[in-house]
>>> print(open('coords.txt').read())   # compact mmCIF, C-alpha atoms
# COMPACT_ATOMS: atom_id res chain seq x y z
CA MET U 21 -78.23 -44.40 -100.64
CA LYS U 22 -80.98 -46.59 -102.09
CA ALA U 23 -80.37 -49.23 -99.43
CA LEU U 24 -80.64 -46.53 -96.73
CA LYS U 25 -83.98 -45.33 -98.11
CA VAL U 26 -85.29 -48.89 -98.24
CA GLY U 27 -84.12 -49.46 -94.68
CA LEU U 28 -85.83 -46.27 -93.45
CA LEU U 29 -89.03 -47.18 -95.29
CA LEU U 30 -88.98 -50.63 -93.68
CA VAL U 31 -88.56 -49.07 -90.22
CA VAL U 32 -91.49 -46.73 -90.86
CA VAL U 33 -93.70 -49.60 -92.07
CA VAL U 34 -92.84 -51.75 -89.04
CA LEU U 35 -93.45 -48.85 -86.66
CA ALA U 36 -96.78 -48.01 -88.28
CA ALA U 37 -97.88 -51.66 -88.16
CA THR U 38 -96.87 -51.87 -84.49
CA LEU U 39 -98.84 -48.73 -83.60
CA LEU U 40 -101.91 -49.95 -85.49
CA THR U 41 -101.74 -53.25 -83.63
CA LEU U 42 -101.40 -51.50 -80.27
CA ARG U 43 -104.29 -49.21 -81.21
CA GLU U 44 -106.49 -52.30 -81.53
CA THR U 45 -105.11 -54.35 -78.65
CA GLY U 46 -104.18 -51.55 -76.25
CA LEU U 47 -101.07 -51.26 -74.12
CA GLU U 48 -101.61 -50.75 -70.40
CA PRO U 49 -99.06 -49.12 -68.10
CA GLU U 50 -96.88 -51.44 -66.02
CA TYR U 51 -98.05 -52.38 -62.53
CA LEU U 52 -95.48 -52.32 -59.72
CA ASP U 53 -96.11 -52.81 -56.01
CA LEU U 54 -94.88 -50.13 -53.64
CA ASP U 55 -91.58 -51.87 -52.88
CA GLN U 56 -90.99 -52.40 -56.59
CA LEU U 57 -91.81 -48.76 -57.30
CA ARG U 58 -89.32 -47.61 -54.69
CA ALA U 59 -86.68 -49.89 -56.22
CA HIS U 60 -87.40 -48.28 -59.61
CA HIS U 61 -87.26 -44.73 -58.18
CA MET U 62 -91.08 -44.49 -58.33
CA ILE U 63 -91.03 -44.90 -62.12
CA ALA U 64 -93.09 -47.52 -63.99
CA ARG U 65 -93.40 -48.05 -67.73
CA PRO U 66 -96.24 -45.95 -69.16
CA GLY U 67 -98.76 -47.27 -71.66
CA LEU U 68 -100.56 -46.11 -74.78
CA TRP U 69 -104.20 -46.79 -75.67
CA LEU U 70 -106.51 -48.29 -73.04
CA LYS U 71 -109.11 -50.89 -73.98
CA GLY U 72 -112.37 -51.66 -72.21
CA GLU U 73 -116.12 -51.15 -72.20
CA VAL U 74 -116.97 -47.44 -72.31
CA VAL U 75 -119.49 -46.38 -69.64
CA THR U 76 -121.86 -43.60 -70.72
CA ALA U 77 -124.29 -43.73 -67.78
CA PRO U 78 -123.88 -40.96 -65.17
CA VAL U 79 -121.97 -41.92 -62.04
CA THR U 80 -123.47 -40.27 -58.97
CA ASP U 81 -121.20 -42.00 -56.45
CA TRP U 82 -117.65 -43.13 -57.19
CA SER U 83 -117.26 -45.06 -53.92
CA PHE U 84 -117.23 -48.32 -55.88
CA VAL U 85 -113.68 -47.46 -56.96
CA ASP U 86 -112.45 -48.50 -53.51
CA ARG U 87 -114.13 -51.89 -53.90
CA VAL U 88 -112.81 -52.85 -57.33
CA GLU U 89 -110.83 -56.07 -57.05
CA HIS U 90 -107.15 -56.03 -57.99
CA PRO U 91 -106.13 -59.70 -57.82
CA GLY U 92 -102.54 -60.14 -56.72
CA ARG U 93 -102.02 -56.40 -56.35
CA SER U 94 -101.51 -54.56 -53.09
CA LEU U 95 -102.21 -51.08 -54.49
CA ASN U 96 -105.62 -49.84 -55.57
CA THR U 97 -104.88 -48.16 -58.89
CA VAL U 98 -106.70 -46.75 -61.90
CA LEU U 99 -105.36 -46.09 -65.39
CA VAL U 100 -105.41 -42.62 -66.93
CA GLU U 101 -105.06 -42.13 -70.69
CA THR U 102 -103.97 -38.59 -71.61
CA ARG U 103 -103.75 -36.80 -74.97
CA THR U 104 -100.36 -35.90 -76.38
CA PRO U 105 -99.53 -33.29 -79.04
CA TYR U 106 -98.46 -36.10 -81.41
CA PHE U 107 -101.82 -37.97 -81.35
CA ILE U 108 -100.47 -41.11 -79.65
CA PRO U 109 -101.90 -41.30 -76.11
CA HIS U 110 -99.79 -41.53 -72.99
CA SER U 111 -101.33 -43.58 -70.18
CA VAL U 112 -100.23 -44.07 -66.59
CA ARG U 113 -101.25 -46.02 -63.53
CA THR U 114 -102.00 -43.93 -60.46
CA MET U 115 -103.86 -44.09 -57.15
CA PRO U 116 -107.35 -42.58 -56.80
CA PHE U 117 -109.32 -41.63 -53.71
CA VAL U 118 -112.99 -40.83 -53.10
CA ARG U 119 -114.47 -38.12 -50.87
CA ASP U 120 -118.23 -37.71 -50.48
CA GLY U 121 -118.78 -39.88 -53.54
CA ARG U 122 -116.52 -37.72 -55.71
CA LEU U 123 -113.49 -39.10 -57.50
CA TYR U 124 -110.05 -37.53 -57.13
CA ILE U 125 -106.67 -38.49 -58.52
CA ARG U 126 -103.39 -37.62 -56.87
CA SER U 127 -100.12 -36.84 -58.62
CA HIS U 128 -97.02 -36.92 -56.45
CA GLN U 129 -94.30 -34.46 -57.44
CA ASP U 130 -90.83 -35.51 -56.33
CA ARG U 131 -88.82 -33.46 -58.85
CA MET U 132 -88.98 -30.12 -57.08
CA ASP U 133 -86.43 -28.63 -59.49
CA VAL U 134 -89.04 -28.88 -62.29
CA GLN U 135 -92.14 -26.71 -62.08
CA PHE U 136 -95.50 -28.50 -61.93
CA PRO U 137 -97.13 -29.68 -64.18
CA SER U 138 -94.02 -30.20 -66.30
CA ASP U 139 -92.50 -32.62 -63.77
CA LYS U 140 -94.46 -35.48 -65.37
CA SER U 141 -95.50 -36.10 -68.96
CA TRP U 142 -99.07 -37.02 -68.03
CA THR U 143 -99.71 -33.97 -65.83
CA ALA U 144 -98.27 -31.74 -68.57
CA ASN U 145 -100.70 -33.41 -71.00
CA VAL U 146 -103.65 -32.82 -68.65
CA ALA U 147 -102.68 -29.16 -68.21
CA ARG U 148 -102.69 -28.73 -72.00
CA ASP U 149 -105.81 -30.85 -72.64
CA PRO U 150 -107.79 -32.08 -69.59
CA ARG U 151 -109.83 -34.60 -71.59
CA VAL U 152 -108.83 -38.09 -70.46
CA ARG U 153 -110.06 -41.67 -70.35
CA ILE U 154 -109.96 -43.44 -67.01
CA LYS U 155 -109.98 -47.22 -66.71
CA ILE U 156 -111.44 -48.67 -63.51
CA GLY U 157 -111.49 -52.44 -63.45
CA ASP U 158 -112.40 -53.36 -67.03
CA LYS U 159 -114.53 -50.23 -67.65
CA LEU U 160 -113.55 -46.98 -69.37
CA TYR U 161 -114.89 -43.55 -68.40
CA GLU U 162 -114.60 -40.46 -70.59
CA ALA U 163 -113.64 -37.69 -68.19
CA THR U 164 -112.17 -34.27 -67.60
CA MET U 165 -109.55 -33.76 -64.90
CA VAL U 166 -109.54 -30.44 -63.06
CA LEU U 167 -106.76 -29.33 -60.74
CA VAL U 168 -107.75 -28.45 -57.16
CA ALA U 169 -105.82 -25.19 -56.95
CA ASP U 170 -107.02 -24.08 -53.52
CA ARG U 171 -104.44 -25.29 -50.99
CA ALA U 172 -106.89 -25.36 -48.07
CA GLN U 173 -109.27 -27.55 -50.05
CA ALA U 174 -106.44 -29.88 -51.11
CA ILE U 175 -105.42 -30.24 -47.44
CA ALA U 176 -109.02 -31.01 -46.48
CA LEU U 177 -109.33 -33.63 -49.21
CA LEU U 178 -106.00 -35.31 -48.43
CA GLY U 179 -106.44 -35.01 -44.67
CA ARG U 180 -102.86 -33.79 -44.36
CA ASN U 181 -100.31 -31.32 -45.62
CA PRO U 182 -99.61 -32.01 -49.32
CA GLU U 183 -95.97 -31.08 -48.78
CA ALA U 184 -93.32 -33.68 -47.89
CA VAL U 185 -90.64 -31.97 -45.81
CA GLN U 186 -87.16 -33.15 -44.81
CA LYS U 187 -84.31 -31.50 -42.95
CA GLY U 188 -81.35 -30.71 -45.17
CA PRO U 189 -77.63 -30.61 -44.36
CA ASP U 190 -78.13 -26.96 -43.38
CA GLY U 191 -80.51 -28.00 -40.62
CA GLN U 192 -83.44 -26.28 -42.36
CA ASP U 193 -86.69 -27.88 -43.52
CA HIS U 194 -86.92 -28.34 -47.29
CA VAL U 195 -89.92 -29.37 -49.41
CA VAL U 196 -88.92 -32.59 -51.17
CA GLY U 197 -92.33 -33.59 -52.53
CA TYR U 198 -95.86 -32.34 -53.12
CA ASP U 199 -99.17 -34.11 -53.75
CA HIS U 200 -101.30 -32.35 -56.35
CA VAL U 201 -105.00 -33.25 -56.46
CA PHE U 202 -107.26 -33.46 -59.52
CA ARG U 203 -111.06 -33.69 -59.42
CA VAL U 204 -112.57 -36.04 -61.98
CA PHE U 205 -115.72 -35.09 -63.90
CA GLN U 206 -117.48 -37.35 -66.38
CA ARG U 207 -117.25 -35.72 -69.78
CA GLY U 208 -120.50 -34.80 -71.49
CA ILE U 209 -122.52 -35.22 -68.29
CA PRO U 210 -123.24 -31.81 -66.66
CA GLU U 211 -122.61 -31.66 -62.94
CA TYR U 212 -123.21 -27.94 -62.54
CA GLY U 213 -125.95 -25.87 -64.11
CA ALA U 214 -129.05 -23.77 -63.68
CA GLY U 215 -130.83 -24.55 -60.45
CA SER U 216 -127.93 -26.55 -59.10
CA ASP U 217 -126.93 -26.06 -55.48
CA GLN U 218 -123.36 -27.07 -56.35
CA PRO U 219 -120.65 -24.37 -56.21
CA SER U 220 -118.99 -23.02 -59.33
CA LEU U 221 -115.58 -24.32 -60.31
CA SER U 222 -113.87 -21.09 -59.27
CA SER U 223 -115.53 -20.89 -55.87
CA ALA U 224 -114.69 -24.54 -55.27
CA GLY U 225 -110.99 -23.82 -55.82
CA LEU U 226 -110.89 -25.76 -59.07
CA VAL U 227 -108.99 -24.70 -62.15
CA PRO U 228 -110.66 -25.92 -65.39
CA GLY U 229 -108.57 -26.86 -68.39
CA ASN U 230 -108.60 -25.10 -71.73
CA LYS U 231 -111.03 -27.59 -73.27
CA SER U 232 -114.21 -29.32 -72.17
>>> encode(input="coords.txt", output="structure tokens")
Amino acid sequence: MKALKVGLLLVVVVLAATLLTLRETGLEPEYLDLDQLRAHHMIARPGLWLKGEVVTAPVTDWSFVDRVEHPGRSLNTVLVETRTPYFIPHSVRTMPFVRDGRLYIRSHQDRMDVQFPSDKSWTANVARDPRVRIKIGDKLYEATMVLVADRAQAIALLGRNPEAVQKGPDGQDHVVGYDHVFRVFQRGIPEYGAGSDQPSLSSAGLVPGNKS
């Protein structure tokens, strides 16, 4: 029994030391090209904390995201660090897009048997707490992610139907995938307010999270 307790204590100490090290050094999500992703069933290893220079200046045009260099990588990706209930972040690599200078992030749902946002850990985290950190190049941006709930607006942003449809053995069309769209807002930098000609979140078809 004493040996078991010592062994468990040693495991806890090693785990705590590992987490403290990763908290300082960071652990980025794995990068896989499209062919590699398909070979891994569109699943890549997630990460934990993201490291980089935090940008506090307001961003009025996110178009630079499309011009960030990704040496040796065919996909233009950003990293998103989400908050978990157990205080250890969960970060993923995903593909952004920009419309009219505004930043959006897409989440592809391919598990149609699981209701969104619970189909992915990171989207479930964002639904519970929309405060995230986004890494673009070597810079970090404190942000809030807001789901575009209006289907017509999502179609306009994507330029296509967000549904992926295939014919099943019964000869009928079945939805086998869906692209959900999140709008990115810099946290702590107001984008709407008195005297603004911008629409409200609700009229824009956006669903804010439970925290700001």
>>> residues_around(input="coords.txt", residues="Arg131 (chain U)", least_positions_apart="6", cutoff="9 Å", atoms="all atoms listed in the file", output="PyMOL selection string")
chain U and resi 139-140+196-197
>>> axis_aligned_box(input="coords.txt", around="region 154-165 of chain U", padding_each_side="6 Å", output="lines of an AutoDock Vina configuration file")
center_x = -112.2
center_y = -43.6
center_z = -67.0
size_x = 17.3
size_y = 31.6
size_z = 19.1
>>> closest_residue(input="coords.txt", among="U:Lys187, U:Arg153, U:Arg171, U:His200", to="Glu101 (chain U)", atoms="only C-alpha atoms")
U:Arg153
>>> closest_residue(input="coords.txt", among="U:Ala64, U:Val79, U:Ile209, U:Ala184", to="Arg122 (chain U)", atoms="all atoms listed in the file")
U:Val79
>>> atom_distance(input="coords.txt", atom1="CA of Asp199 (chain U)", atom2="CA of Arg126 (chain U)")
6.3 Å
>>> closest_residue(input="coords.txt", among="U:Gly72, U:Gly179, U:Pro189, U:Gly67", to="His110 (chain U)", atoms="all atoms listed in the file")
U:Gly67
>>> closest_residue(input="coords.txt", among="U:Val134, U:Val204, U:Leu167, U:Leu177", to="Val100 (chain U)", atoms="only C-alpha atoms")
U:Val204
>>> closest_residue(input="coords.txt", among="U:Glu50, U:Asp170, U:Glu73, U:Glu162", to="Thr114 (chain U)", atoms="all atoms listed in the file")
U:Glu50
>>> atom_distance(input="coords.txt", atom1="CA of Val98 (chain U)", atom2="CA of Gln186 (chain U)")
29.3 Å
>>> atom_distance(input="coords.txt", atom1="CA of Pro182 (chain U)", atom2="CA of Ser141 (chain U)")
20.5 Å
